[in-house]
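Read through the structure below, which is laid out as structure tokens, and then see the notes.
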Amino acid sequence: ALDFDTEMKESTESSDKEKTYELPDGNIITVGSERFRCPEVLFQPSLIGKEASGIHDTTFQSIMKCDVDIRKDLYANVVLSGGTTMFTGIGERMTKEITALAPSTMKIKVVAPPERKYSVWIGGSILSSL
């Protein structure tokens, strides 16, 4: 969720945020606030008792450890990859969170390509064929 607190509040006040899914075995389930709580752990690991930084903070800290001359390029080329990044709106959320941490003059660009679920495997395949 782009704004976790707002989404959680709205999901407790109304059933409009609930989604119904049909499972492969034919069973139908309804998912409510879990839709927002599960991906939020990526940004707030403390929700499940982990003392770790969120992915936005880890990304920011990694960029800050790099040479000053390349930080601008790194901020402009954040690429999300892997199945965990398939949550709806994660690209926008990463952009929002990194923008809040980065210098105000910095241009932030987070890319979340549609094929990102397999991009790690595709990259590994390309590398192994070299």
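In the structure tokens, chains take letters A, B, ... by order of appearance, with residues numbered from 1 within each chain and ligands from 1 in the order shown.
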If we count only C-alpha atoms, what is near Val31 (chain A) at a cut-off of 8 Å, once residues fewer than 5 positions away on the same chain are taken out, given as a PDB file with C-alpha atoms, in the first residue's frame?
```pdb
ATOM      1  CA  GLU A  18     -11.707  -7.011   0.612  1.00  0.00           C
ATOM      2  CA  LYS A  19     -10.937  -9.116  -2.444  1.00  0.00           C
ATOM      3  CA  THR A  20     -12.270 -12.519  -3.334  1.00  0.00           C
ATOM      4  CA  TYR A  21     -10.035 -15.084  -5.022  1.00  0.00           C
TER       5      TYR A  21
END
```
Determine which residues of chain A receive a DSSP assignment of alpha helix (DSSP H), computed from the backbone, and state them as a PDB file with C-alpha atoms, in the first residue's frame.
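Contents of states-v3.pdb, freshly written:
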```pdb
ATOM      1  CA  PHE A   4      -0.184   1.682   4.944  1.00  0.00           C
ATOM      2  CA  ASP A   5      -1.909   3.425   7.858  1.00  0.00           C
ATOM      3  CA  THR A   6      -4.690   4.808   5.652  1.00  0.00           C
ATOM      4  CA  GLU A   7      -5.262   1.459   3.930  1.00  0.00           C
ATOM      5  CA  MET A   8      -5.428  -0.364   7.275  1.00  0.00           C
ATOM      6  CA  LYS A   9      -7.891   2.166   8.673  1.00  0.00           C
ATOM      7  CA  GLU A  10     -10.102   1.929   5.592  1.00  0.00           C
ATOM      8  CA  SER A  11      -9.995  -1.877   5.609  1.00  0.00           C
ATOM      9  CA  THR A  12     -11.258  -2.027   9.199  1.00  0.00           C
ATOM     10  CA  GLU A  13     -14.036   0.496   8.567  1.00  0.00           C
ATOM     11  CA  GLU A  34      -3.850  -9.133   4.996  1.00  0.00           C
ATOM     12  CA  ARG A  35      -3.395  -7.720   1.484  1.00  0.00           C
ATOM     13  CA  PHE A  36      -1.681  -4.696   3.025  1.00  0.00           C
ATOM     14  CA  ARG A  37      -0.051  -6.253   6.077  1.00  0.00           C
ATOM     15  CA  CYS A  38       1.950  -8.926   4.241  1.00  0.00           C
ATOM     16  CA  PRO A  39       3.873  -6.618   1.894  1.00  0.00           C
ATOM     17  CA  GLU A  40       4.276  -4.005   4.647  1.00  0.00           C
ATOM     18  CA  ILE A  55      14.008  -2.529   1.800  1.00  0.00           C
ATOM     19  CA  HIS A  56      13.783   1.215   1.231  1.00  0.00           C
ATOM     20  CA  ASP A  57      16.233   1.975   4.040  1.00  0.00           C
ATOM     21  CA  THR A  58      18.597  -0.816   2.986  1.00  0.00           C
ATOM     22  CA  THR A  59      18.574   0.547  -0.566  1.00  0.00           C
ATOM     23  CA  PHE A  60      19.245   4.067   0.711  1.00  0.00           C
ATOM     24  CA  GLN A  61      22.091   2.909   2.977  1.00  0.00           C
ATOM     25  CA  SER A  62      23.657   0.938   0.112  1.00  0.00           C
ATOM     26  CA  ILE A  63      23.607   3.995  -2.138  1.00  0.00           C
ATOM     27  CA  MET A  64      25.077   6.171   0.621  1.00  0.00           C
ATOM     28  CA  VAL A  68      29.517  10.429  -4.123  1.00  0.00           C
ATOM     29  CA  ASP A  69      30.094  10.694  -7.878  1.00  0.00           C
ATOM     30  CA  ILE A  70      27.825   7.752  -8.730  1.00  0.00           C
ATOM     31  CA  ARG A  71      25.001   8.255  -6.228  1.00  0.00           C
ATOM     32  CA  LYS A  72      22.953  10.340  -8.659  1.00  0.00           C
ATOM     33  CA  ASP A  73      23.042   7.491 -11.197  1.00  0.00           C
ATOM     34  CA  LEU A  74      22.142   4.920  -8.560  1.00  0.00           C
ATOM     35  CA  TYR A  75      19.143   6.926  -7.332  1.00  0.00           C
ATOM     36  CA  ILE A  90       5.516  -1.652  -4.640  1.00  0.00           C
ATOM     37  CA  GLY A  91       7.327   0.517  -7.210  1.00  0.00           C
ATOM     38  CA  GLU A  92       5.383   3.612  -6.205  1.00  0.00           C
ATOM     39  CA  ARG A  93       5.907   2.851  -2.520  1.00  0.00           C
ATOM     40  CA  MET A  94       9.667   2.420  -2.986  1.00  0.00           C
ATOM     41  CA  THR A  95       9.788   5.717  -4.862  1.00  0.00           C
ATOM     42  CA  LYS A  96       7.894   7.469  -2.063  1.00  0.00           C
ATOM     43  CA  GLU A  97      10.067   6.009   0.714  1.00  0.00           C
ATOM     44  CA  ILE A  98      13.427   6.577  -0.996  1.00  0.00           C
ATOM     45  CA  THR A  99      12.393  10.120  -1.946  1.00  0.00           C
ATOM     46  CA  ALA A 100      11.740  10.817   1.744  1.00  0.00           C
ATOM     47  CA  LEU A 101      15.264   9.634   2.647  1.00  0.00           C
ATOM     48  CA  ARG A 116      10.539  -8.829 -12.788  1.00  0.00           C
ATOM     49  CA  LYS A 117       9.297 -12.082 -11.258  1.00  0.00           C
ATOM     50  CA  TYR A 118      11.778 -13.944 -13.474  1.00  0.00           C
ATOM     51  CA  SER A 119      14.393 -11.255 -14.103  1.00  0.00           C
ATOM     52  CA  VAL A 120      16.804 -12.754 -11.559  1.00  0.00           C
ATOM     53  CA  TRP A 121      16.640 -16.113 -13.343  1.00  0.00           C
ATOM     54  CA  ILE A 122      16.921 -14.481 -16.762  1.00  0.00           C
ATOM     55  CA  GLY A 123      19.979 -12.527 -15.622  1.00  0.00           C
ATOM     56  CA  GLY A 124      21.562 -15.680 -14.212  1.00  0.00           C
ATOM     57  CA  SER A 125      20.875 -17.516 -17.453  1.00  0.00           C
ATOM     58  CA  ILE A 126      22.488 -14.758 -19.498  1.00  0.00           C
ATOM     59  CA  LEU A 127      25.509 -14.651 -17.198  1.00  0.00           C
ATOM     60  CA  SER A 128      25.987 -18.428 -17.312  1.00  0.00           C
TER      61      SER A 128
END
```
Inset, instruction - May I ask for the distance between CA of Gly49 (chain A) and CA of Thr84 (chain A), given in Å to one decimal place? - result: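 The value is 19.3 Å.
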Inset, instruction - Could you find all residues in chain A that DSSP calls strand (DSSP E) from the backbone, and write them as a PyMOL selection string? - result: chain A and resi 19-22+28-31+78-79+110-111
